[in-house]
>>> print(open('my_file.txt').read())   # compact mmCIF, C-alpha atoms and all ligand atoms
# COMPACT_ATOMS: atom_id res chain seq x y z
CA MET A 1 0.00 0.00 0.00
CA SER A 2 1.30 3.46 -0.84
CA GLU A 3 2.40 5.95 1.83
CA PRO A 4 -0.04 8.79 2.54
CA ASN A 5 0.72 11.83 0.35
CA THR A 6 2.98 9.90 -1.99
CA ILE A 7 2.68 10.10 -5.76
CA THR A 8 4.61 8.08 -8.35
CA ILE A 9 5.79 9.95 -11.43
CA ASN A 10 7.52 7.98 -14.19
CA GLY A 11 8.18 5.15 -11.74
CA ASN A 12 9.65 7.27 -8.93
CA ALA A 13 7.78 7.96 -5.68
CA PHE A 14 7.63 11.51 -4.28
CA THR A 15 5.91 12.97 -1.25
CA PHE A 16 3.75 16.07 -1.61
CA GLU A 17 1.88 18.65 0.42
CA PRO A 18 -1.93 18.75 0.25
CA GLY A 19 -3.08 21.13 -2.48
CA GLU A 20 -0.03 20.66 -4.71
CA THR A 21 -0.68 19.87 -8.36
CA ILE A 22 1.09 17.21 -10.39
CA LEU A 23 2.98 20.05 -12.09
CA ASP A 24 4.13 21.51 -8.75
CA ILE A 25 5.65 18.19 -7.74
CA ALA A 26 7.18 17.57 -11.16
CA LYS A 27 8.80 21.00 -11.17
CA ARG A 28 10.28 20.44 -7.73
CA GLN A 29 11.74 17.15 -8.93
CA SER A 30 13.07 18.67 -12.20
CA ILE A 31 10.70 16.56 -14.31
CA ASP A 32 10.02 18.62 -17.41
CA ILE A 33 6.31 18.82 -18.21
CA PRO A 34 5.75 21.43 -20.95
CA THR A 35 3.33 24.28 -20.22
CA LEU A 36 1.88 27.15 -22.23
CA CYS A 37 -1.10 28.61 -20.35
CA HIS A 38 0.17 27.94 -16.83
CA LEU A 39 1.15 31.19 -15.04
CA LYS A 40 2.80 31.00 -11.64
CA GLY A 41 0.83 32.90 -9.03
CA ALA A 42 -2.45 32.82 -11.01
CA THR A 43 -5.42 30.44 -10.87
CA PRO A 44 -4.79 27.38 -13.07
CA THR A 45 -7.12 27.44 -16.07
CA GLY A 46 -6.08 24.28 -17.89
CA VAL A 47 -6.99 25.77 -21.27
CA CYS A 48 -4.07 24.81 -23.50
CA ARG A 49 -3.83 21.09 -22.50
CA ILE A 50 -0.16 20.88 -23.50
CA CYS A 51 0.73 19.70 -19.98
CA VAL A 52 -1.50 16.62 -20.14
CA VAL A 53 -0.21 13.49 -18.42
CA GLU A 54 -1.41 9.92 -18.14
CA VAL A 55 -2.86 9.02 -14.74
CA ARG A 56 -3.59 5.34 -14.16
CA GLY A 57 -7.33 4.78 -13.75
CA ALA A 58 -8.35 8.12 -15.31
CA ASP A 59 -10.48 7.79 -18.44
CA LYS A 60 -8.68 10.66 -20.18
CA LEU A 61 -5.39 12.55 -20.04
CA LEU A 62 -5.32 15.16 -17.27
CA PRO A 63 -3.70 18.61 -17.27
CA ALA A 64 -0.81 18.45 -14.78
CA CYS A 65 -1.09 22.17 -14.01
CA ALA A 66 -4.71 21.93 -12.86
CA THR A 67 -4.85 18.44 -11.34
CA PRO A 68 -4.23 18.20 -7.58
CA ALA A 69 -2.05 15.29 -6.55
CA THR A 70 -3.76 12.53 -4.58
CA ALA A 71 -2.17 9.75 -2.55
CA GLY A 72 -1.18 6.73 -4.60
CA MET A 73 -1.50 8.46 -7.97
CA LEU A 74 0.55 6.82 -10.76
CA VAL A 75 1.57 9.35 -13.42
CA GLN A 76 3.38 9.06 -16.75
CA THR A 77 4.57 12.35 -18.23
CA GLU A 78 5.91 11.26 -21.65
CA SER A 79 4.00 8.09 -22.56
CA PRO A 80 3.18 7.51 -26.25
CA GLN A 81 -0.42 8.61 -25.61
CA VAL A 82 0.78 11.83 -23.94
CA VAL A 83 3.23 12.59 -26.72
CA ALA A 84 0.56 11.97 -29.39
CA ALA A 85 -1.84 14.35 -27.60
CA ARG A 86 0.82 17.07 -27.34
CA ARG A 87 1.74 16.71 -31.01
CA LEU A 88 -1.91 17.10 -31.99
CA ILE A 89 -2.32 20.22 -29.83
CA LEU A 90 0.81 21.77 -31.30
CA GLN A 91 -0.25 20.97 -34.86
CA MET A 92 -3.61 22.65 -34.30
CA MET A 93 -1.97 25.73 -32.76
CA LEU A 94 0.51 26.04 -35.59
CA ALA A 95 -2.26 25.77 -38.19
CA SER A 96 -4.29 28.47 -36.49
CA GLY A 97 -3.53 32.07 -37.46
CA ASN A 98 -0.11 32.89 -38.80
CA HIS A 99 2.88 30.92 -37.55
CA ASN A 100 5.22 31.61 -40.42
CA CYS A 101 8.47 30.84 -38.65
CA ALA A 102 10.66 28.01 -39.86
CA VAL A 103 8.38 25.60 -38.01
CA ARG A 104 5.67 26.17 -40.58
CA GLY A 105 6.69 25.84 -44.17
CA SER A 106 10.40 25.14 -44.49
CA ASP A 107 9.90 21.42 -44.96
CA GLY A 108 12.58 20.71 -47.51
CA ARG A 109 11.83 23.63 -49.82
CA ASP A 110 14.55 26.04 -50.86
CA TRP A 111 14.95 29.50 -49.35
CA THR A 112 13.07 31.31 -52.13
CA HIS A 113 10.04 29.09 -51.72
CA PHE A 114 10.22 29.55 -47.99
CA GLN A 115 10.30 33.35 -48.31
CA MET A 116 7.37 33.26 -50.75
CA GLY A 117 5.46 31.20 -48.22
CA VAL A 118 6.26 33.72 -45.53
CA GLN A 119 4.98 36.56 -47.71
CA GLN A 120 1.79 34.70 -48.48
CA ASP A 121 1.16 34.01 -44.80
CA ASP A 122 2.07 37.42 -43.48
CA GLN A 123 1.34 39.71 -46.44
CA SER A 124 4.48 41.55 -45.47
CA GLY A 125 7.47 39.30 -46.05
CA GLU A 126 8.41 39.57 -42.40
CA LEU A 127 9.32 36.55 -40.37
CA CYS A 128 7.90 36.36 -36.87
CA PRO A 129 9.64 38.90 -34.61
CA VAL A 130 10.09 36.38 -31.78
CA TRP A 131 11.61 33.64 -33.94
CA GLY A 132 14.00 31.77 -31.66
CA ASP A 133 12.36 33.13 -28.51
CA CYS A 134 8.99 31.41 -28.66
CA ARG A 135 7.64 28.67 -26.41
CA LEU A 136 5.42 27.28 -29.17
CA GLN A 137 8.34 27.07 -31.57
CA ASP A 138 10.44 25.38 -28.85
CA LEU A 139 7.74 22.76 -28.33
CA ALA A 140 7.23 22.23 -32.06
CA TYR A 141 10.94 21.48 -32.25
CA ARG A 142 10.82 19.23 -29.19
CA TYR A 143 7.90 17.21 -30.51
CA GLN A 144 8.91 17.50 -34.19
CA VAL A 145 5.71 18.87 -35.68
CA ASP A 146 4.95 21.60 -38.20
CA GLY A 147 1.84 23.50 -39.19
CA HIS A 148 0.85 21.40 -42.18
CA ALA A 149 -1.23 18.71 -40.50
CA PHE A 150 -4.39 20.81 -40.79
CA PRO A 151 -5.57 23.44 -43.28
CA ARG A 152 -4.47 26.87 -42.13
CA SER A 153 -7.21 28.99 -40.55
CA PRO A 154 -6.31 32.67 -40.92
CA SER A 155 -7.02 35.09 -38.09
CA PRO A 156 -10.04 37.36 -38.69
CA TYR A 157 -8.28 40.24 -36.92
CA PRO A 158 -5.60 42.60 -38.24
CA MET A 159 -2.52 43.48 -36.26
CA GLU A 160 -2.94 46.36 -33.76
CA THR A 161 -0.01 48.72 -34.22
CA VAL A 162 -1.42 52.02 -32.92
CA ASN A 163 -0.32 51.59 -29.31
CA PRO A 164 2.72 53.49 -28.09
CA PHE A 165 4.58 50.51 -26.62
CA ILE A 166 2.92 47.24 -27.60
CA VAL A 167 2.09 45.58 -30.93
CA ARG A 168 -0.72 43.03 -30.73
CA ASP A 169 -0.64 40.38 -33.45
CA PHE A 170 -3.85 38.38 -33.09
CA ALA A 171 -2.75 35.99 -35.84
CA ARG A 172 0.00 34.67 -33.54
CA CYS A 173 -2.17 34.45 -30.43
CA ILE A 174 -2.72 30.89 -29.19
CA GLN A 175 -5.40 32.08 -26.72
CA CYS A 176 -3.57 30.68 -23.75
CA GLY A 177 -4.97 33.47 -21.54
CA ARG A 178 -1.70 34.21 -19.73
CA CYS A 179 -1.96 37.92 -20.64
CA VAL A 180 -5.48 38.07 -19.22
CA GLN A 181 -4.39 36.48 -15.96
CA ALA A 182 -1.28 38.64 -15.75
CA CYS A 183 -3.34 41.79 -16.26
CA ASN A 184 -6.23 40.83 -13.97
CA GLU A 185 -4.68 38.63 -11.28
CA ILE A 186 -1.03 39.72 -11.06
CA GLN A 187 -1.16 43.45 -11.90
CA VAL A 188 -4.90 43.79 -11.11
CA ASN A 189 -5.33 46.34 -13.90
CA ASN A 190 -8.36 44.54 -15.38
CA ALA A 191 -7.73 46.00 -18.82
CA ILE A 192 -8.18 42.91 -21.02
CA ASN A 193 -10.24 39.74 -21.19
CA PHE A 194 -11.48 37.07 -23.59
CA GLY A 195 -14.04 38.37 -26.06
CA TYR A 196 -16.26 36.86 -28.80
CA LYS A 197 -16.65 33.11 -29.25
CA GLY A 198 -15.35 30.10 -31.20
CA ALA A 199 -13.18 30.94 -34.21
CA PHE A 200 -13.69 34.64 -33.43
CA THR A 201 -12.30 34.45 -29.90
CA LYS A 202 -10.02 37.41 -29.27
CA ILE A 203 -8.28 39.02 -26.31
CA VAL A 204 -10.06 42.37 -26.03
CA ALA A 205 -9.84 45.54 -24.02
CA ALA A 206 -13.21 46.97 -22.94
CA GLY A 207 -15.32 47.71 -26.02
CA ASP A 208 -12.77 45.90 -28.23
CA ARG A 209 -10.74 49.09 -28.47
CA PRO A 210 -6.98 49.39 -28.97
CA LEU A 211 -4.99 49.27 -25.72
CA ARG A 212 -4.16 52.96 -26.01
CA ASP A 213 -7.89 53.80 -25.72
CA SER A 214 -8.54 51.40 -22.85
CA ASP A 215 -7.75 51.09 -19.13
CA CYS A 216 -4.34 49.67 -20.05
CA VAL A 217 -1.52 51.40 -18.18
CA PHE A 218 1.20 49.85 -20.37
CA CYS A 219 2.89 48.00 -17.57
CA GLY A 220 3.86 45.39 -20.17
CA GLU A 221 3.15 42.45 -17.86
CA CYS A 222 1.14 40.82 -20.65
CA VAL A 223 4.08 41.12 -23.05
CA GLN A 224 6.44 39.49 -20.60
CA VAL A 225 4.16 36.49 -20.06
CA CYS A 226 3.04 35.97 -23.68
CA PRO A 227 4.70 32.72 -24.74
CA VAL A 228 4.57 33.52 -28.48
CA GLY A 229 4.84 36.51 -30.81
CA ALA A 230 1.32 37.84 -30.20
CA LEU A 231 2.46 40.65 -27.88
CA VAL A 232 5.74 42.35 -28.63
CA GLU A 233 7.37 45.58 -27.44
CA LYS A 234 7.00 48.04 -30.32
CA ASP A 235 10.55 49.36 -30.06
CA VAL A 236 12.09 45.90 -29.85
CA ARG A 237 10.26 44.42 -32.86
CA TYR A 238 12.66 43.67 -35.69
CA ARG A 239 15.46 45.61 -34.00
CA VAL A 240 16.99 42.84 -31.97
CA ARG A 241 16.89 39.10 -31.56
CA GLN A 242 16.94 37.68 -28.09
CA TRP A 243 20.08 35.58 -28.46
CA GLU A 244 22.07 38.60 -29.66
CA THR A 245 21.64 40.34 -26.33
CA GLU A 246 23.44 40.04 -23.04
CA GLN A 247 21.27 40.36 -19.93
CA VAL A 248 22.51 42.55 -17.13
CA ARG A 249 20.63 42.49 -13.84
CA THR A 250 20.15 45.78 -12.05
CA THR A 251 17.81 47.69 -9.73
CA CYS A 252 15.32 50.14 -11.23
CA SER A 253 16.20 53.68 -10.26
CA TYR A 254 12.82 55.29 -10.95
CA CYS A 255 11.60 54.93 -7.37
CA GLY A 256 12.32 53.39 -4.00
CA VAL A 257 10.55 50.04 -4.53
CA GLY A 258 13.75 48.55 -5.89
CA CYS A 259 12.32 46.42 -8.71
CA GLN A 260 14.79 43.98 -10.19
CA LEU A 261 15.37 44.48 -13.92
CA ASN A 262 17.18 42.66 -16.65
CA LEU A 263 18.69 45.13 -19.09
CA HIS A 264 18.97 43.44 -22.51
CA VAL A 265 22.12 44.91 -23.99
CA LYS A 266 23.31 44.72 -27.57
CA ASP A 267 26.43 46.49 -28.84
CA ASN A 268 26.67 48.32 -25.51
CA ARG A 269 23.16 49.77 -25.87
CA VAL A 270 20.08 48.92 -23.79
CA VAL A 271 17.56 47.57 -26.29
CA LYS A 272 14.91 46.07 -23.99
CA VAL A 273 14.03 45.74 -20.31
CA SER A 274 12.32 42.83 -18.59
CA GLY A 275 11.49 42.07 -14.95
CA VAL A 276 13.57 39.44 -13.15
CA GLU A 277 11.25 36.49 -12.49
CA GLY A 278 10.99 34.82 -9.10
CA VAL A 279 12.76 37.39 -6.93
CA ALA A 280 11.51 40.07 -4.55
CA PRO A 281 10.22 42.70 -4.56
CA ASN A 282 8.59 42.64 -8.01
CA TYR A 283 8.71 38.95 -9.07
CA GLY A 284 8.96 39.90 -12.76
CA SER A 285 6.40 42.72 -12.74
CA LEU A 286 7.30 46.28 -13.71
CA CYS A 287 5.51 49.58 -14.25
CA VAL A 288 5.51 51.49 -17.53
CA LYS A 289 8.56 53.53 -16.54
CA GLY A 290 10.69 50.59 -15.50
CA ARG A 291 9.80 48.55 -18.57
CA PHE A 292 9.65 51.13 -21.32
CA GLY A 293 11.44 54.21 -19.97
CA TYR A 294 15.00 53.42 -20.98
CA ASP A 295 15.49 55.66 -24.04
CA PHE A 296 17.27 58.26 -21.94
CA VAL A 297 20.19 55.89 -21.41
CA ASN A 298 21.18 56.18 -25.06
CA SER A 299 19.94 59.76 -25.59
CA PRO A 300 22.49 62.09 -27.17
CA GLU A 301 21.02 64.87 -24.99
CA ARG A 302 21.80 63.07 -21.76
CA LEU A 303 23.99 65.06 -19.35
CA LYS A 304 27.21 63.17 -18.77
CA THR A 305 29.30 65.83 -17.00
CA PRO A 306 28.40 68.40 -14.34
CA LEU A 307 27.56 71.92 -15.54
CA ILE A 308 28.50 75.07 -13.65
CA LYS A 309 26.54 78.27 -14.34
CA GLU A 310 28.72 81.34 -14.78
CA ASN A 311 27.40 84.71 -15.96
CA GLY A 312 24.09 83.09 -16.87
CA GLN A 313 25.71 80.40 -19.03
CA PHE A 314 26.38 76.75 -18.27
CA ARG A 315 29.86 75.34 -18.86
CA GLU A 316 31.07 71.77 -18.48
CA ALA A 317 33.12 70.97 -15.40
CA SER A 318 34.84 67.96 -13.87
CA TRP A 319 33.20 66.14 -10.95
CA ASP A 320 36.01 67.28 -8.64
CA GLU A 321 35.52 70.92 -9.61
CA ALA A 322 31.73 70.74 -9.26
CA LEU A 323 31.81 68.95 -5.90
CA ASP A 324 34.46 71.32 -4.54
CA LEU A 325 32.30 74.29 -5.56
CA VAL A 326 29.15 72.86 -3.92
CA ALA A 327 31.09 71.96 -0.75
CA ALA A 328 32.63 75.44 -0.54
CA ARG A 329 29.29 77.22 -1.07
CA LEU A 330 27.38 75.08 1.41
CA GLY A 331 30.24 75.40 3.93
CA LYS A 332 30.17 79.20 3.62
CA ILE A 333 26.37 79.38 4.04
CA LYS A 334 26.66 77.15 7.10
CA THR A 335 29.42 79.31 8.64
CA ASP A 336 27.74 82.63 7.86
CA HIS A 337 24.11 81.74 8.66
CA GLY A 338 24.10 78.48 10.65
CA PRO A 339 23.17 74.90 9.58
CA ASP A 340 19.45 75.54 9.81
CA SER A 341 19.68 78.07 7.01
CA ILE A 342 20.08 75.06 4.67
CA GLY A 343 17.30 72.66 3.65
CA VAL A 344 17.45 69.51 1.50
CA LEU A 345 14.60 68.22 -0.65
CA THR A 346 14.72 64.63 -1.90
CA SER A 347 12.26 62.55 -3.90
CA ALA A 348 10.28 59.32 -4.07
CA ARG A 349 11.61 59.12 -7.61
CA VAL A 350 15.09 58.05 -6.55
CA THR A 351 16.29 54.89 -4.86
CA ASN A 352 16.05 54.19 -1.13
CA GLU A 353 19.84 54.19 -0.98
CA GLU A 354 19.99 57.68 -2.46
CA ASN A 355 17.40 58.92 0.02
CA TYR A 356 19.34 57.32 2.87
CA LEU A 357 22.55 59.03 1.74
CA ALA A 358 20.75 62.36 1.43
CA SER A 359 19.46 61.97 5.00
CA LYS A 360 22.92 61.09 6.32
CA PHE A 361 24.50 63.98 4.44
CA THR A 362 21.90 66.45 5.71
CA ARG A 363 21.97 65.42 9.34
CA ALA A 364 25.59 64.27 9.80
CA VAL A 365 27.47 66.61 7.45
CA LEU A 366 25.30 69.72 7.18
CA LYS A 367 24.15 69.24 10.83
CA THR A 368 20.53 70.16 10.20
CA ASN A 369 17.30 68.20 10.33
CA ASN A 370 15.86 70.28 7.49
CA ILE A 371 15.28 67.41 5.10
CA ASP A 372 12.01 66.69 3.34
CA HIS A 373 10.57 64.78 0.47
CA CYS A 374 8.46 65.44 -2.62
CA ALA A 375 5.50 63.55 -1.21
CA ARG A 376 4.87 66.50 1.17
CA LEU A 377 5.58 69.34 -1.24
S1 LIG B 401 4.69 32.93 -32.60
FE1 LIG B 401 6.22 31.32 -32.37
S2 LIG B 401 5.39 29.59 -33.52
FE2 LIG B 401 4.29 31.44 -34.17
S3 LIG B 401 5.44 32.21 -35.92
FE3 LIG B 401 6.26 33.23 -34.14
S4 LIG B 401 8.02 31.97 -33.57
FE4 LIG B 401 6.74 30.72 -34.89
S1 LIG B 402 0.17 46.42 -20.51
FE1 LIG B 402 -0.44 45.96 -18.38
S2 LIG B 402 -2.41 47.01 -18.13
FE2 LIG B 402 -2.02 46.89 -20.34
S3 LIG B 402 -3.09 45.02 -21.01
FE3 LIG B 402 -0.94 44.47 -20.57
S4 LIG B 402 -0.95 43.77 -18.42
FE4 LIG B 402 -2.88 44.91 -18.77
S1 LIG B 403 -1.78 37.39 -26.46
FE1 LIG B 403 -0.18 35.92 -25.85
S2 LIG B 403 -0.53 35.59 -23.68
FE2 LIG B 403 -2.39 36.51 -24.49
S3 LIG B 403 -3.72 34.80 -24.98
FE3 LIG B 403 -2.60 35.33 -26.84
S4 LIG B 403 -0.80 34.02 -26.83
FE4 LIG B 403 -1.64 33.97 -24.77
S1 LIG B 404 -0.18 24.47 -19.09
FE1 LIG B 404 -1.57 23.08 -18.22
S2 LIG B 404 -3.31 23.27 -19.44
FE2 LIG B 404 -1.97 24.78 -20.23
>>> encode(input="my_file.txt", output="structure tokens", more="lines below")
Ligand code: SF4
Ligand code: SF4
Ligand code: SF4
Ligand code: FES
Amino acid sequence: MSEPNTITINGNAFTFEPGETILDIAKRQSIDIPTLCHLKGATPTGVCRICVVEVRGADKLLPACATPATAGMLVQTESPQVVAARRLILQMMLASGNHNCAVRGSDGRDWTHFQMGVQQDDQSGELCPVWGDCRLQDLAYRYQVDGHAFPRSPSPYPMETVNPFIVRDFARCIQCGRCVQACNEIQVNNAINFGYKGAFTKIVAAGDRPLRDSDCVFCGECVQVCPVGALVEKDVRYRVRQWETEQVRTTCSYCGVGCQLNLHVKDNRVVKVSGVEGVAPNYGSLCVKGRFGYDFVNSPERLKTPLIKENGQFREASWDEALDLVAARLGKIKTDHGPDSIGVLTSARVTNEENYLASKFTRAVLKTNNIDHCARL
């Protein structure tokens, strides 16, 4: 008889906590069950079915992400029946809409034929912007399927390109619902949801309007969680490919929350920003400034040296010269008029560390408690 709270996956027994799903246990044991719709931290929906597994005694395959483990369960994660089901799901997804990457259409034809196929599918000649960075493409490769098993069903909806930061390509949407959950359950912005029915199902903002005319705040959470090329940062599209970038982890400097960012850097330029998954305080989420406000880094108008104003005109100065000047002026004011003649104003729009330093400088160096903050201005 099996132990209480023990499950057997692929012949190996594992203990589990009540409420854990088959996927939770598999992840902990480094057993790779593919997922598409599953979003950590959100309610499991079980819509894509790519995570199906075989459970002895069940009359059908069960989604690992939405099936709670029960004592004595016997699970197979890559049985022939499971693999056949996943191949079928992938074939249907690839035939739906426009998946004109190499997965669909290269099959032995030469490059010219392939390009002509791309043009026919996309009416633009452009390959998918997330080619090589797509979960569906990864799984098509893993399970060796392409999009030719079923007649292609084109998307009824044109691409939405009017938004300032996000391009929505409904023809590449696999309707996994991750964007909806990210918007409603993680960010709680409630800007998008499923709309229409059947072949006309679409992710819509209220009134089926473009995001720019909706409650969307352009946090970009939906872009980060989209597993395919249906949601893409406008400025990143066709400018950079994921594998060409180096990722540099840093802390966002727009406010004191301290969100963890990955700067995607190509040729020494920041070309994209994403949230670092799985770490505090933001667990991958960002606001519009953190995610999209990085142009200033590469702006030719960015100040890179201190400026000193003389006779009404600014001139460039070295850091030593500028700091010496500030120190001398503050020192003189302090000597002539006392420390309390000086006040320091800081901001919520800098890091906690900068605010801490400003407080130390004001109290310990200037010897005044006259320090305040933009929240009270
Ligand atoms: S979304 Fe993915 S599967 Fe579809 S065309 Fe783009 S890379 Fe290929
Ligand atoms: S950008 Fe943010 S607010 Fe807008 S739809 Fe996406 S998740 Fe929702
Ligand atoms: S836009 Fe992306 S995340 Fe949203 S349902 Fe479509 S494929 Fe899924
Ligand atoms: S990942 Fe489990 S049903 Fe989609």
>>> residues_near_ligand(input="my_file.txt", ligand="ligand LIG 402 (chain B)", cutoff="6 Å", atoms="all atoms listed in the file", output="PyMOL selection string")
chain A and resi 182-183+189+191-192+216-222
>>> residues_around(input="my_file.txt", residues="range 29-44 of chain A", least_positions_apart="2", cutoff="8 Å", atoms="all atoms listed in the file", output="JSON, numbers by chain")
{"A": [23, 25, 26, 27, 46, 47, 48, 50, 51, 64, 65, 66, 77, 135, 136, 139, 176, 177, 178, 181, 182, 185, 186, 225, 227]}
>>> atom_distance(input="my_file.txt", atom1="CA of Gly275 in chain A", atom2="CA of Ala140 in chain A")
26.5 Å
>>> closest_residue(input="my_file.txt", among="A:Tyr196, A:Trp131, A:Tyr254, A:Phe14", to="Gly229 in chain A", atoms="only C-alpha atoms")
A:Trp131
>>> atom_distance(input="my_file.txt", atom1="CA of Gln175 in chain A", atom2="CA of Asp59 in chain A")
26.2 Å
>>> closest_residue(input="my_file.txt", among="A:Asn311, A:Asn100, A:Ser341, A:Ser253", to="ligand LIG 401 (chain B)", atoms="only C-alpha atoms and all ligand atoms")
A:Asn100
>>> residues_around(input="my_file.txt", residues="Ala205 in chain A", least_positions_apart="5", cutoff="9 Å", atoms="only C-alpha atoms", output="list in words")
Asn190, Ala191, Ile192, Asn193, Phe194, Gly195, Pro210, Leu211, Asp213, Ser214, Asp215 and Cys216 of chain A
>>> write_last_selection(input="my_file.txt", atoms="C-alpha atoms", output="PDB file, in the frame of the given file")
ATOM      1  CA  ASN A 190      -8.360  44.540 -15.380  1.00  0.00           C
ATOM      2  CA  ALA A 191      -7.730  46.000 -18.820  1.00  0.00           C
ATOM      3  CA  ILE A 192      -8.180  42.910 -21.020  1.00  0.00           C
ATOM      4  CA  ASN A 193     -10.240  39.740 -21.190  1.00  0.00           C
ATOM      5  CA  PHE A 194     -11.480  37.070 -23.590  1.00  0.00           C
ATOM      6  CA  GLY A 195     -14.040  38.370 -26.060  1.00  0.00           C
ATOM      7  CA  PRO A 210      -6.980  49.390 -28.970  1.00  0.00           C
ATOM      8  CA  LEU A 211      -4.990  49.270 -25.720  1.00  0.00           C
ATOM      9  CA  ASP A 213      -7.890  53.800 -25.720  1.00  0.00           C
ATOM     10  CA  SER A 214      -8.540  51.400 -22.850  1.00  0.00           C
ATOM     11  CA  ASP A 215      -7.750  51.090 -19.130  1.00  0.00           C
ATOM     12  CA  CYS A 216      -4.340  49.670 -20.050  1.00  0.00           C
TER      13      CYS A 216
END
>>> decode(input="my_file.txt", residues="range 332-346 of chain A", atoms="N, CA and C atoms", output="PDB file, in the first residue's frame")
ATOM      1  N   LYS A 332      30.215  77.749   3.331  1.00  0.00           N
ATOM      2  CA  LYS A 332      30.169  79.198   3.624  1.00  0.00           C
ATOM      3  C   LYS A 332      28.792  79.599   4.163  1.00  0.00           C
ATOM      4  N   ILE A 333      27.725  79.061   3.553  1.00  0.00           N
ATOM      5  CA  ILE A 333      26.367  79.382   4.043  1.00  0.00           C
ATOM      6  C   ILE A 333      26.223  78.921   5.486  1.00  0.00           C
ATOM      7  N   LYS A 334      26.757  77.724   5.742  1.00  0.00           N
ATOM      8  CA  LYS A 334      26.656  77.153   7.096  1.00  0.00           C
ATOM      9  C   LYS A 334      27.411  78.032   8.104  1.00  0.00           C
ATOM     10  N   THR A 335      28.618  78.468   7.740  1.00  0.00           N
ATOM     11  CA  THR A 335      29.424  79.308   8.637  1.00  0.00           C
ATOM     12  C   THR A 335      28.753  80.658   8.858  1.00  0.00           C
ATOM     13  N   ASP A 336      28.289  81.265   7.764  1.00  0.00           N
ATOM     14  CA  ASP A 336      27.740  82.631   7.856  1.00  0.00           C
ATOM     15  C   ASP A 336      26.367  82.666   8.523  1.00  0.00           C
ATOM     16  N   HIS A 337      25.520  81.638   8.247  1.00  0.00           N
ATOM     17  CA  HIS A 337      24.114  81.743   8.662  1.00  0.00           C
ATOM     18  C   HIS A 337      23.639  80.591   9.552  1.00  0.00           C
ATOM     19  N   GLY A 338      24.497  79.619   9.799  1.00  0.00           N
ATOM     20  CA  GLY A 338      24.102  78.482  10.650  1.00  0.00           C
ATOM     21  C   GLY A 338      23.525  77.343   9.821  1.00  0.00           C
ATOM     22  N   PRO A 339      23.630  76.082  10.333  1.00  0.00           N
ATOM     23  CA  PRO A 339      23.170  74.902   9.580  1.00  0.00           C
ATOM     24  C   PRO A 339      21.694  74.953   9.207  1.00  0.00           C
ATOM     25  N   ASP A 340      20.878  75.564  10.101  1.00  0.00           N
ATOM     26  CA  ASP A 340      19.446  75.537   9.811  1.00  0.00           C
ATOM     27  C   ASP A 340      19.032  76.523   8.722  1.00  0.00           C
ATOM     28  N   SER A 341      19.996  77.240   8.178  1.00  0.00           N
ATOM     29  CA  SER A 341      19.676  78.074   7.012  1.00  0.00           C
ATOM     30  C   SER A 341      19.669  77.226   5.732  1.00  0.00           C
ATOM     31  N   ILE A 342      20.042  75.958   5.844  1.00  0.00           N
ATOM     32  CA  ILE A 342      20.080  75.063   4.665  1.00  0.00           C
ATOM     33  C   ILE A 342      18.964  74.038   4.792  1.00  0.00           C
ATOM     34  N   GLY A 343      18.298  73.732   3.688  1.00  0.00           N
ATOM     35  CA  GLY A 343      17.302  72.658   3.655  1.00  0.00           C
ATOM     36  C   GLY A 343      17.576  71.761   2.459  1.00  0.00           C
ATOM     37  N   VAL A 344      17.234  70.473   2.586  1.00  0.00           N
ATOM     38  CA  VAL A 344      17.451  69.513   1.496  1.00  0.00           C
ATOM     39  C   VAL A 344      16.118  68.885   1.122  1.00  0.00           C
ATOM     40  N   LEU A 345      15.813  68.879  -0.160  1.00  0.00           N
ATOM     41  CA  LEU A 345      14.597  68.219  -0.647  1.00  0.00           C
ATOM     42  C   LEU A 345      14.990  66.993  -1.457  1.00  0.00           C
ATOM     43  N   THR A 346      14.447  65.838  -1.109  1.00  0.00           N
ATOM     44  CA  THR A 346      14.720  64.632  -1.897  1.00  0.00           C
ATOM     45  C   THR A 346      13.427  64.205  -2.592  1.00  0.00           C
TER      46      THR A 346
END
